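Asks: Next up, entry_9.cif (mmCIF, C-alpha atoms).
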data_model
loop_
_atom_site.group_PDB
_atom_site.id
_atom_site.type_symbol
_atom_site.label_atom_id
_atom_site.label_comp_id
_atom_site.auth_asym_id
_atom_site.auth_seq_id
_atom_site.Cartn_x
_atom_site.Cartn_y
_atom_site.Cartn_z
ATOM 1 C CA MET A 251 34.237 -21.925 -151.702
ATOM 2 C CA ARG A 252 31.055 -20.033 -151.043
ATOM 3 C CA LEU A 253 28.098 -22.139 -149.926
ATOM 4 C CA PRO A 254 24.813 -21.929 -151.832
ATOM 5 C CA ARG A 255 21.725 -20.536 -150.134
ATOM 6 C CA TRP A 256 20.046 -22.964 -147.783
ATOM 7 C CA TRP A 257 16.682 -22.755 -149.523
ATOM 8 C CA THR A 258 18.261 -23.644 -152.885
ATOM 9 C CA GLU A 259 19.826 -26.688 -151.254
ATOM 10 C CA VAL A 260 16.494 -27.745 -149.774
ATOM 11 C CA ALA A 261 14.834 -27.381 -153.173
ATOM 12 C CA LEU A 262 17.638 -29.305 -154.899
ATOM 13 C CA LEU A 263 17.551 -32.177 -152.419
ATOM 14 C CA ALA A 264 13.748 -32.325 -152.554
ATOM 15 C CA VAL A 265 13.780 -32.541 -156.361
ATOM 16 C CA LEU A 266 16.508 -35.160 -156.402
ATOM 17 C CA TYR A 267 14.798 -37.219 -153.714
ATOM 18 C CA GLY A 268 11.583 -37.051 -155.739
ATOM 19 C CA LEU A 269 13.466 -38.280 -158.822
ATOM 20 C CA TYR A 270 15.064 -41.021 -156.729
ATOM 21 C CA SER A 271 11.695 -42.167 -155.390
ATOM 22 C CA ALA A 272 10.151 -42.048 -158.855
ATOM 23 C CA GLY A 273 13.065 -44.052 -160.201
ATOM 24 C CA ARG A 274 12.516 -46.719 -157.565
ATOM 25 C CA LEU A 275 8.876 -47.005 -158.618
ATOM 26 C CA LEU A 276 9.721 -47.195 -162.309
ATOM 27 C CA ALA A 277 12.317 -49.889 -161.666
ATOM 28 C CA ARG A 278 9.871 -52.436 -160.294
ATOM 29 C CA GLY A 279 10.904 -55.160 -162.725
ATOM 30 C CA ASP A 280 9.368 -58.571 -163.135
ATOM 31 C CA VAL A 281 8.465 -60.274 -159.846
ATOM 32 C CA SER A 282 9.663 -63.706 -160.953
ATOM 33 C CA THR A 283 13.006 -62.196 -161.991
ATOM 34 C CA ALA A 284 13.307 -60.439 -158.645
ATOM 35 C CA VAL A 285 12.600 -63.718 -156.817
ATOM 36 C CA ASP A 286 15.215 -65.517 -158.899
ATOM 37 C CA HIS A 287 17.782 -62.842 -158.026
ATOM 38 C CA GLY A 288 16.947 -63.086 -154.330
ATOM 39 C CA LEU A 289 17.297 -66.878 -154.313
ATOM 40 C CA ALA A 290 20.592 -66.645 -156.194
ATOM 41 C CA ILE A 291 21.967 -64.259 -153.566
ATOM 42 C CA LEU A 292 20.764 -66.575 -150.800
ATOM 43 C CA ARG A 293 22.489 -69.576 -152.427
ATOM 44 C CA VAL A 294 25.758 -67.659 -152.809
ATOM 45 C CA GLU A 295 25.662 -66.622 -149.153
ATOM 46 C CA GLN A 296 24.964 -70.158 -147.990
ATOM 47 C CA ALA A 297 27.829 -71.470 -150.104
ATOM 48 C CA LEU A 298 30.158 -68.888 -148.552
ATOM 49 C CA PHE A 299 28.761 -69.375 -145.018
ATOM 50 C CA LEU A 300 27.596 -65.734 -144.948
ATOM 51 C CA ASN A 301 23.952 -66.469 -144.226
ATOM 52 C CA ALA A 302 23.526 -64.467 -141.001
ATOM 53 C CA GLU A 303 19.960 -63.471 -141.944
ATOM 54 C CA HIS A 304 18.305 -66.662 -140.665
ATOM 55 C CA PRO A 305 19.621 -66.598 -137.055
ATOM 56 C CA LEU A 306 19.059 -62.846 -136.766
ATOM 57 C CA ASN A 307 15.547 -63.103 -138.149
ATOM 58 C CA ARG A 308 14.695 -65.900 -135.706
ATOM 59 C CA LEU A 309 16.001 -63.743 -132.847
ATOM 60 C CA PHE A 310 13.938 -60.733 -133.923
ATOM 61 C CA THR A 311 10.728 -62.706 -134.444
ATOM 62 C CA SER A 312 10.995 -64.639 -131.190
ATOM 63 C CA THR A 313 11.965 -61.641 -129.034
ATOM 64 C CA PRO A 314 9.570 -58.675 -129.333
ATOM 65 C CA ALA A 315 11.802 -56.581 -127.075
ATOM 66 C CA ILE A 316 14.369 -56.709 -129.886
ATOM 67 C CA GLY A 317 12.151 -56.993 -132.962
ATOM 68 C CA ILE A 318 9.801 -54.069 -132.236
ATOM 69 C CA PRO A 319 12.542 -51.451 -131.590
ATOM 70 C CA ALA A 320 14.391 -52.765 -134.636
ATOM 71 C CA ASP A 321 11.316 -52.188 -136.789
ATOM 72 C CA PHE A 322 10.975 -48.627 -135.509
ATOM 73 C CA LEU A 323 14.640 -47.953 -136.220
ATOM 74 C CA TYR A 324 14.370 -49.427 -139.709
ATOM 75 C CA ALA A 325 11.307 -47.331 -140.534
ATOM 76 C CA SER A 326 12.626 -44.015 -139.207
ATOM 77 C CA LEU A 327 16.403 -43.577 -138.890
ATOM 78 C CA HIS A 328 16.943 -43.779 -142.632
ATOM 79 C CA TYR A 329 14.877 -40.598 -143.068
ATOM 80 C CA LEU A 330 15.977 -38.723 -139.943
ATOM 81 C CA VAL A 331 19.708 -39.190 -139.422
ATOM 82 C CA THR A 332 20.788 -38.552 -143.021
ATOM 83 C CA PRO A 333 19.113 -35.103 -143.307
ATOM 84 C CA ALA A 334 20.296 -34.259 -139.794
ATOM 85 C CA VAL A 335 23.910 -34.928 -140.775
ATOM 86 C CA LEU A 336 23.466 -32.815 -143.915
ATOM 87 C CA VAL A 337 22.128 -29.885 -141.883
ATOM 88 C CA TRP A 338 24.902 -30.290 -139.307
ATOM 89 C CA LEU A 339 27.543 -30.177 -142.040
ATOM 90 C CA PHE A 340 25.939 -27.138 -143.659
ATOM 91 C CA ARG A 341 25.880 -25.177 -140.407
ATOM 92 C CA ARG A 342 28.942 -26.433 -138.522
ATOM 93 C CA ARG A 343 31.315 -27.835 -141.175
ATOM 94 C CA PRO A 344 30.554 -25.773 -144.298
ATOM 95 C CA ALA A 345 33.954 -26.447 -145.846
ATOM 96 C CA HIS A 346 33.012 -30.124 -146.195
ATOM 97 C CA TYR A 347 29.347 -29.754 -147.091
ATOM 98 C CA LEU A 348 29.474 -29.598 -150.891
ATOM 99 C CA ALA A 349 31.744 -32.628 -151.204
ATOM 100 C CA ALA A 350 29.579 -34.629 -148.783
ATOM 101 C CA ARG A 351 26.366 -33.665 -150.580
ATOM 102 C CA THR A 352 27.849 -34.591 -153.966
ATOM 103 C CA TRP A 353 29.027 -37.919 -152.560
ATOM 104 C CA LEU A 354 25.562 -38.726 -151.236
ATOM 105 C CA LEU A 355 23.805 -37.804 -154.488
ATOM 106 C CA LEU A 356 26.193 -39.740 -156.734
ATOM 107 C CA SER A 357 25.978 -42.841 -154.557
ATOM 108 C CA SER A 358 22.190 -42.682 -154.473
ATOM 109 C CA MET A 359 22.064 -42.494 -158.270
ATOM 110 C CA LEU A 360 24.344 -45.537 -158.468
ATOM 111 C CA GLY A 361 22.001 -47.316 -156.079
ATOM 112 C CA MET A 362 19.041 -46.482 -158.289
ATOM 113 C CA ALA A 363 20.907 -47.987 -161.241
ATOM 114 C CA GLY A 364 21.274 -51.144 -159.171
ATOM 115 C CA PHE A 365 17.526 -51.252 -158.488
ATOM 116 C CA THR A 366 16.910 -51.001 -162.232
ATOM 117 C CA LEU A 367 19.475 -53.551 -163.376
ATOM 118 C CA LEU A 368 19.037 -56.061 -160.566
ATOM 119 C CA PRO A 369 15.518 -56.084 -159.070
ATOM 120 C CA THR A 370 15.772 -58.310 -156.015
ATOM 121 C CA CYS A 371 13.192 -59.937 -153.796
ATOM 122 C CA PRO A 372 14.044 -59.334 -150.120
ATOM 123 C CA PRO A 373 14.070 -62.348 -147.765
ATOM 124 C CA ARG A 374 10.735 -61.393 -146.172
ATOM 125 C CA LEU A 375 8.913 -61.763 -149.521
ATOM 126 C CA LEU A 376 10.269 -65.220 -150.305
ATOM 127 C CA ASP A 377 8.041 -68.227 -149.844
ATOM 128 C CA ALA A 378 7.640 -69.177 -146.168
ATOM 129 C CA SER A 379 9.449 -72.467 -146.874
ATOM 130 C CA TYR A 380 12.721 -70.529 -146.985
ATOM 131 C CA GLY A 381 12.374 -69.753 -143.293
ATOM 132 C CA PHE A 382 12.031 -65.970 -143.155
ATOM 133 C CA VAL A 383 9.394 -63.985 -141.256
ATOM 134 C CA ASP A 384 8.507 -60.389 -142.070
ATOM 135 C CA THR A 385 8.974 -58.758 -138.661
ATOM 136 C CA MET A 386 7.389 -55.501 -139.789
ATOM 137 C CA ALA A 387 4.233 -57.373 -140.708
ATOM 138 C CA GLN A 388 4.437 -59.353 -137.464
ATOM 139 C CA TYR A 389 4.700 -56.204 -135.336
ATOM 140 C CA SER A 390 2.710 -53.842 -137.582
ATOM 141 C CA ALA A 391 0.149 -53.199 -134.819
ATOM 142 C CA TYR A 392 2.858 -51.322 -132.899
ATOM 143 C CA GLY A 393 3.866 -48.903 -135.649
ATOM 144 C CA TRP A 394 2.614 -46.774 -138.517
ATOM 145 C CA TRP A 395 3.658 -49.216 -141.206
ATOM 146 C CA GLY A 396 1.546 -51.938 -142.742
ATOM 147 C CA ASN A 397 2.540 -55.184 -144.400
ATOM 148 C CA GLU A 398 4.602 -53.527 -147.149
ATOM 149 C CA ALA A 399 8.044 -52.650 -145.788
ATOM 150 C CA SER A 400 8.277 -49.334 -143.950
ATOM 151 C CA ALA A 401 5.607 -47.526 -145.992
ATOM 152 C CA PRO A 402 2.724 -46.122 -143.933
ATOM 153 C CA ARG A 403 -0.498 -48.107 -144.011
ATOM 154 C CA GLY A 404 -2.318 -47.678 -147.286
ATOM 155 C CA LEU A 405 0.732 -46.276 -149.103
ATOM 156 C CA GLY A 406 2.437 -49.536 -149.939
ATOM 157 C CA GLY A 407 1.805 -48.976 -153.627
ATOM 158 C CA MET A 408 4.094 -45.925 -153.498
ATOM 159 C CA THR A 409 7.198 -47.981 -152.744
ATOM 160 C CA ASN A 410 9.125 -50.589 -154.676
ATOM 161 C CA GLN A 411 9.487 -53.627 -152.444
ATOM 162 C CA TYR A 412 11.904 -55.285 -154.871
ATOM 163 C CA ALA A 413 14.523 -52.513 -154.649
ATOM 164 C CA ALA A 414 16.680 -54.483 -152.224
ATOM 165 C CA MET A 415 20.027 -54.560 -154.056
ATOM 166 C CA PRO A 416 21.947 -52.509 -152.996
ATOM 167 C CA SER A 417 20.793 -51.585 -149.501
ATOM 168 C CA LEU A 418 20.819 -47.804 -149.295
ATOM 169 C CA HIS A 419 19.741 -48.105 -145.665
ATOM 170 C CA VAL A 420 23.258 -49.417 -145.089
ATOM 171 C CA GLY A 421 24.836 -47.124 -147.671
ATOM 172 C CA TRP A 422 23.397 -43.937 -146.214
ATOM 173 C CA ALA A 423 24.214 -45.095 -142.687
ATOM 174 C CA LEU A 424 27.827 -45.631 -143.771
ATOM 175 C CA TRP A 425 27.883 -42.125 -145.270
ATOM 176 C CA CYS A 426 26.655 -40.687 -141.962
ATOM 177 C CA GLY A 427 29.122 -42.761 -139.985
ATOM 178 C CA VAL A 428 32.154 -41.735 -142.015
ATOM 179 C CA LEU A 429 31.300 -38.043 -141.793
ATOM 180 C CA LEU A 430 30.626 -38.183 -138.076
ATOM 181 C CA TRP A 431 33.891 -40.023 -137.475
ATOM 182 C CA LYS A 432 35.875 -37.532 -139.571
ATOM 183 C CA HIS A 433 34.312 -34.240 -138.544
ATOM 184 C CA ALA A 434 32.756 -34.664 -135.079
ATOM 185 C CA ARG A 435 34.801 -33.277 -132.220
ATOM 186 C CA THR A 436 33.503 -35.342 -129.320
ATOM 187 C CA PRO A 437 34.517 -39.000 -128.932
ATOM 188 C CA LEU A 438 30.947 -40.074 -128.147
ATOM 189 C CA VAL A 439 29.572 -38.727 -131.430
ATOM 190 C CA ARG A 440 32.455 -40.251 -133.372
ATOM 191 C CA TRP A 441 31.837 -43.698 -131.890
ATOM 192 C CA LEU A 442 28.141 -43.336 -132.573
ATOM 193 C CA GLY A 443 29.201 -42.798 -136.171
ATOM 194 C CA VAL A 444 30.969 -46.149 -136.069
ATOM 195 C CA ALA A 445 28.048 -47.927 -134.415
ATOM 196 C CA TYR A 446 25.318 -46.556 -136.680
ATOM 197 C CA PRO A 447 26.175 -48.423 -139.937
ATOM 198 C CA LEU A 448 26.950 -51.613 -138.006
ATOM 199 C CA LEU A 449 23.625 -51.467 -136.181
ATOM 200 C CA THR A 450 21.808 -50.706 -139.431
ATOM 201 C CA THR A 451 23.357 -53.757 -141.091
ATOM 202 C CA VAL A 452 22.146 -56.009 -138.282
ATOM 203 C CA ILE A 453 18.654 -54.468 -138.388
ATOM 204 C CA VAL A 454 18.125 -54.791 -142.142
ATOM 205 C CA MET A 455 19.064 -58.478 -141.950
ATOM 206 C CA GLY A 456 17.164 -59.268 -138.754
ATOM 207 C CA THR A 457 13.965 -57.712 -140.085
ATOM 208 C CA ALA A 458 14.412 -59.771 -143.305
ATOM 209 C CA ASN A 459 14.468 -56.662 -145.461
ATOM 210 C CA HIS A 460 17.930 -57.290 -146.925
ATOM 211 C CA TYR A 461 20.526 -59.979 -147.450
ATOM 212 C CA PHE A 462 24.064 -59.550 -146.175
ATOM 213 C CA LEU A 463 25.272 -59.085 -149.758
ATOM 214 C CA ASP A 464 22.752 -56.251 -150.165
ATOM 215 C CA ALA A 465 24.530 -54.511 -147.301
ATOM 216 C CA VAL A 466 27.913 -55.167 -148.918
ATOM 217 C CA ALA A 467 26.609 -53.698 -152.183
ATOM 218 C CA GLY A 468 25.294 -50.649 -150.299
ATOM 219 C CA ALA A 469 28.781 -50.049 -148.914
ATOM 220 C CA ALA A 470 30.271 -50.590 -152.388
ATOM 221 C CA VAL A 471 28.135 -47.901 -154.042
ATOM 222 C CA MET A 472 29.159 -45.462 -151.305
ATOM 223 C CA VAL A 473 32.828 -46.214 -151.997
ATOM 224 C CA ALA A 474 32.228 -45.723 -155.719
ATOM 225 C CA GLY A 475 30.401 -42.449 -155.057
ATOM 226 C CA ALA A 476 33.291 -41.240 -152.899
ATOM 227 C CA LEU A 477 35.776 -41.999 -155.690
ATOM 228 C CA LEU A 478 33.647 -40.132 -158.225
ATOM 229 C CA THR A 479 33.024 -37.059 -156.059
ATOM 230 C CA ARG A 480 36.210 -35.139 -156.826
ATOM 231 C CA PRO A 481 36.113 -35.717 -160.620
ATOM 232 C CA ALA A 482 32.426 -34.789 -160.657
ATOM 233 C CA ARG A 483 33.004 -31.545 -158.779
ATOM 234 C CA ARG A 484 35.909 -30.640 -161.063
ATOM 235 C CA ALA A 485 33.744 -31.262 -164.123
ATOM 236 C CA VAL A 486 31.002 -29.030 -162.719
ATOM 237 C CA GLU A 487 33.510 -26.281 -161.896
ATOM 238 C CA ARG A 488 35.012 -26.430 -165.408
ATOM 239 C CA ALA A 489 31.557 -26.255 -166.982
ATOM 240 C CA ALA A 490 30.626 -23.266 -164.796
ATOM 241 C CA ALA A 491 33.900 -21.499 -165.669
ATOM 242 C CA LEU A 492 33.276 -22.101 -169.381
ATOM 243 C CA VAL A 493 29.785 -20.623 -169.124
ATOM 244 C CA ARG A 494 31.132 -17.559 -167.307
ATOM 245 C CA ALA A 495 33.896 -17.094 -169.890
ATOM 246 C CA ARG A 496 31.449 -17.245 -172.780
ATOM 247 C CA ALA A 497 29.136 -14.788 -171.059
ATOM 248 C CA ALA A 498 32.024 -12.354 -170.504
ATOM 249 C CA ALA A 499 33.168 -12.630 -174.146
ATOM 250 C CA ARG A 500 29.713 -11.949 -175.570
ATOM 251 C CA PRO A 501 29.537 -8.375 -177.048
ATOM 252 C CA THR A 502 27.210 -6.033 -175.229
ATOM 253 C CA ASP A 503 24.368 -4.400 -177.116
ATOM 254 C CA SER A 504 24.439 -0.550 -177.003
ATOM 255 C CA ALA A 505 22.272 2.148 -178.549
ATOM 256 C CA PRO A 506 23.527 3.282 -182.012
ATOM 257 C CA ILE A 507 25.127 6.716 -182.327
ATOM 258 C CA VAL A 508 22.839 8.916 -184.425
ATOM 259 C CA SER A 509 25.617 11.031 -185.924
ATOM 260 C CA GLY A 510 27.478 7.956 -187.042
ATOM 261 C CA GLY A 511 30.779 9.602 -186.120
ATOM 262 C CA CYS A 512 30.205 12.740 -188.253
ATOM 263 C CA GLU A 513 31.010 16.102 -186.763
ATOM 264 C CA THR A 514 29.936 19.664 -187.736
ATOM 265 C CA SER A 515 31.984 22.782 -187.608
ATOM 266 C CA ALA A 516 31.003 25.812 -185.544
ATOM 267 C CA GLY A 517 28.018 27.621 -187.028
ATOM 268 C CA GLU A 518 27.280 24.915 -189.568
ATOM 269 C CA ARG A 519 23.672 23.755 -189.799
ATOM 270 C CA PHE A 520 22.125 20.673 -191.289
ATOM 271 C CA PRO A 521 19.857 21.298 -194.338
ATOM 272 C CA GLY A 522 16.259 21.752 -193.225
ATOM 273 C CA GLN A 523 17.254 22.721 -189.703
ATOM 274 C CA ARG A 524 14.827 25.317 -188.327
ATOM 275 C CA THR A 525 16.308 28.443 -186.817
ATOM 276 C CA ARG A 526 14.772 31.275 -184.815
ATOM 277 C CA ASP A 527 15.442 34.841 -185.984
ATOM 278 C CA SER A 528 15.666 37.873 -183.780
ATOM 279 C CA ALA A 529 11.954 38.610 -184.211
ATOM 280 C CA GLY A 530 11.117 35.283 -182.648
ATOM 281 C CA THR A 531 9.904 33.668 -185.900
ATOM 282 C CA SER A 532 11.224 30.359 -187.058
ATOM 283 C CA ALA A 533 11.998 29.471 -190.655
ATOM 284 C CA ALA A 534 13.590 26.685 -192.619
ATOM 285 C CA ASN A 535 17.165 27.382 -193.555
ATOM 286 C CA ASN A 536 17.260 25.645 -196.909
ATOM 287 C CA SER A 537 19.044 28.418 -198.852
ATOM 288 C CA PRO A 538 22.799 28.716 -198.997
ATOM 289 C CA ALA A 539 24.378 31.277 -196.709
ATOM 290 C CA ALA A 540 24.995 34.715 -198.286
ATOM 291 C CA PRO A 541 28.651 35.483 -198.984
ATOM 292 C CA ARG A 542 30.315 37.837 -196.586
#
Please rewrite the model in this file as C-alpha cells.

Replies:
Amino acid sequence: MRLPRWWTEVALLAVLYGLYSAGRLLARGDVSTAVDHGLAILRVEQALFLNAEHPLNRLFTSTPAIGIPADFLYASLHYLVTPAVLVWLFRRRPAHYLAARTWLLLSSMLGMAGFTLLPTCPPRLLDASYGFVDTMAQYSAYGWWGNEASAPRGLGGMTNQYAAMPSLHVGWALWCGVLLWKHARTPLVRWLGVAYPLLTTVIVMGTANHYFLDAVAGAAVMVAGALLTRPARRAVERAAALVRARAAARPTDSAPIVSGGCETSAGERFPGQRTRDSAGTSAANNSPAAPR
C-alpha cells in the first residue's frame, strides 16, 4: 500500500492531537465526582493488595535522586518517544506505519471516552490525609512545570488534571514498546521497548499521577485499539473504493454537437447561407437552385 505524503500525515496528527487535547479540556467533569472515583479506585486496590502507589511515592519524595529524574521523564517522554517511533516507522518500516498509526489514534479516542465517562482525581490531588505527595510540585524548582501536573508554569489551565483514567502515559508507552519489540532489529532497542512501558508504569505511580488501575486501563484501551485496527482499516478501504466507483460511473459532461447528428449531401447549402460568387461579392442564397 502506498504511503501518504509526510506533510499530510503531520497535518492529520496535529489536527487529531488538537481534538484530543480539546476533548480532555471539555471532559473536566465535576471535581467531587472525580474525587469519589479516585477514592473508589484506591479502595479497590487496597482490597486487592494492589496499592503500590504509596511505597513508590514515599521513595520518590524521600529520594530526590530518584524523584527529580522521574519527574523529568514523566513530563517529557510522553511527548518525545511516541512521535519518534511514528517517524521511525514511516521512514524505516513503511509497511507497518498505517496500521500502527490507526492503532494509536483509535486507542487515544477510546482513552478520551474514558476521561469523559469516568473523570478521576489522581492520587496527588487527594487530601493530604490519604498519604500522597505531589512530587512534581515538590521538585517544581528543578523543571519547567508548575504545581499542575506536567503543564508548563502558567499553563495549568490548559490541561485537565482529572483525566487520570485511563493512563495514556502507560498506553502510549505500551504502543511504543510493542512496535519496538516487533520491528527493531537490534536486541538493545527491542529490550528498551520492553523496559519503556514498565518504567513508565512505575513513574506514573511514584509521582502520584496515576493509580495502578489507571495503568491497567491504559493497557486495556491499547489492546482494544489493536483489535479494532483491522476492521477500521477495512471499513475505510471499502468506503474509499465505493467513492471511487461512484466517481467512475458518473457520466462525463461534453459539449453538445451543433448538427445534432444531421448530415448534408455534397453541394447542399443551408437556407440563408452566404456564398461568394466569382466576382468576389457575397449574397444570401435563399432562392431555390435553378433546374439543370

Asks: Please evaluate the PyMOL selection byres ((chain A and resi 467-480) around 9) against the displayed coordinates and give the resulting residues as number ranges by chain.

Replies: A: 349-350, 352-361, 415-422, 424-425, 462-466, 481-485

Asks: Using C-alpha atoms, can you write the selected residues to a file as a PDB file, in the coordinates of the input?

Replies:
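Full text of part.pdb as output:
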ATOM      1  CA  ALA A 349      31.744 -32.628-151.204  1.00  0.00           C
ATOM      2  CA  ALA A 350      29.579 -34.629-148.783  1.00  0.00           C
ATOM      3  CA  THR A 352      27.849 -34.591-153.966  1.00  0.00           C
ATOM      4  CA  TRP A 353      29.027 -37.919-152.560  1.00  0.00           C
ATOM      5  CA  LEU A 354      25.562 -38.726-151.236  1.00  0.00           C
ATOM      6  CA  LEU A 355      23.805 -37.804-154.488  1.00  0.00           C
ATOM      7  CA  LEU A 356      26.193 -39.740-156.734  1.00  0.00           C
ATOM      8  CA  SER A 357      25.978 -42.841-154.557  1.00  0.00           C
ATOM      9  CA  SER A 358      22.190 -42.682-154.473  1.00  0.00           C
ATOM     10  CA  MET A 359      22.064 -42.494-158.270  1.00  0.00           C
ATOM     11  CA  LEU A 360      24.344 -45.537-158.468  1.00  0.00           C
ATOM     12  CA  GLY A 361      22.001 -47.316-156.079  1.00  0.00           C
ATOM     13  CA  MET A 415      20.027 -54.560-154.056  1.00  0.00           C
ATOM     14  CA  PRO A 416      21.947 -52.509-152.996  1.00  0.00           C
ATOM     15  CA  SER A 417      20.793 -51.585-149.501  1.00  0.00           C
ATOM     16  CA  LEU A 418      20.819 -47.804-149.295  1.00  0.00           C
ATOM     17  CA  HIS A 419      19.741 -48.105-145.665  1.00  0.00           C
ATOM     18  CA  VAL A 420      23.258 -49.417-145.089  1.00  0.00           C
ATOM     19  CA  GLY A 421      24.836 -47.124-147.671  1.00  0.00           C
ATOM     20  CA  TRP A 422      23.397 -43.937-146.214  1.00  0.00           C
ATOM     21  CA  LEU A 424      27.827 -45.631-143.771  1.00  0.00           C
ATOM     22  CA  TRP A 425      27.883 -42.125-145.270  1.00  0.00           C
ATOM     23  CA  PHE A 462      24.064 -59.550-146.175  1.00  0.00           C
ATOM     24  CA  LEU A 463      25.272 -59.085-149.758  1.00  0.00           C
ATOM     25  CA  ASP A 464      22.752 -56.251-150.165  1.00  0.00           C
ATOM     26  CA  ALA A 465      24.530 -54.511-147.301  1.00  0.00           C
ATOM     27  CA  VAL A 466      27.913 -55.167-148.918  1.00  0.00           C
ATOM     28  CA  PRO A 481      36.113 -35.717-160.620  1.00  0.00           C
ATOM     29  CA  ALA A 482      32.426 -34.789-160.657  1.00  0.00           C
ATOM     30  CA  ARG A 483      33.004 -31.545-158.779  1.00  0.00           C
ATOM     31  CA  ARG A 484      35.909 -30.640-161.063  1.00  0.00           C
ATOM     32  CA  ALA A 485      33.744 -31.262-164.123  1.00  0.00           C
TER      33      ALA A 485
END

Asks: Expand the PyMOL selection byres ((chain A and resi 281) around 9) into the individual residues it matches in the shown file, reporting them as a list in words.

Replies: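 Matching residues under the PyMOL selection byres ((chain A and resi 281) around 9) are Arg278, Gly279, Asp280, Ser282, Thr283, Ala284, Val285, Asp286, Pro369, Thr370, Cys371 and Tyr412 of chain A.
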
Asks: Rounded to one decimal place, report the atom CA of A:Leu266-atom CA of A:Leu429 distance in Å.

Replies: 21.0 Å

Asks: Quick check, in Å to one decimal: how far apart do atom CA of A:Thr332 and atom CA of A:Arg255 lie?

Replies: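 Interatomic distance here is 19.4 Å.
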
Asks: Can you give me, as a PyMOL selection string, the residues this file yields under the PyMOL selection byres ((chain A and resi 320) around 10)?

Replies: chain A and resi 310+314-319+321-325+385-386+449-450+452-454+456-457

Asks: Pick out the closest residue to A:Leu263 from this set: A:Val383, A:Val337, A:Leu289, A:Leu438. Count all atoms listed in the file.

Replies: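 Going through A:Val383, A:Val337, A:Leu289, A:Leu438 one by one, the smallest distance to A:Leu263 is for A:Val337.
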
Asks: So which one's closest to A:Val260, A:Leu336, A:Ala378, A:Leu442, A:Leu492? Using all atoms listed in the file, please.

Replies: A:Leu336

Asks: To one decimal place in Å, what is the distance between atom CA of A:Arg435 and atom CA of A:Ala345?

Replies: 15.3 Å

Asks: Of the candidates A:Asn301, A:Leu330, A:Cys426, A:Ser390, which one gets nearest to A:Arg351 if we count all atoms listed in the file?

Replies: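 Answer, going by the shortest atom-to-atom distance: A:Cys426.
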
Asks: Edge lengths and centre in Å to one decimal, as AutoDock Vina command-line options, is what I'm after for the box along x, y and z that holds all listed atoms of stretch 481-485 of chain A once 5 Å is added on each side.

Replies:
--center_x 34.3 --center_y -33.2 --center_z -161.5 --size_x 13.7 --size_y 15.1 --size_z 15.3

Asks: Name the closest residue to A:Gly427 among the candidates A:Val331, A:Met362, A:Leu300, A:Ile291; distances are taken between atoms, counting all atoms listed in the file.

Replies: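 Ranked by minimum distance to A:Gly427, first place goes to A:Val331.
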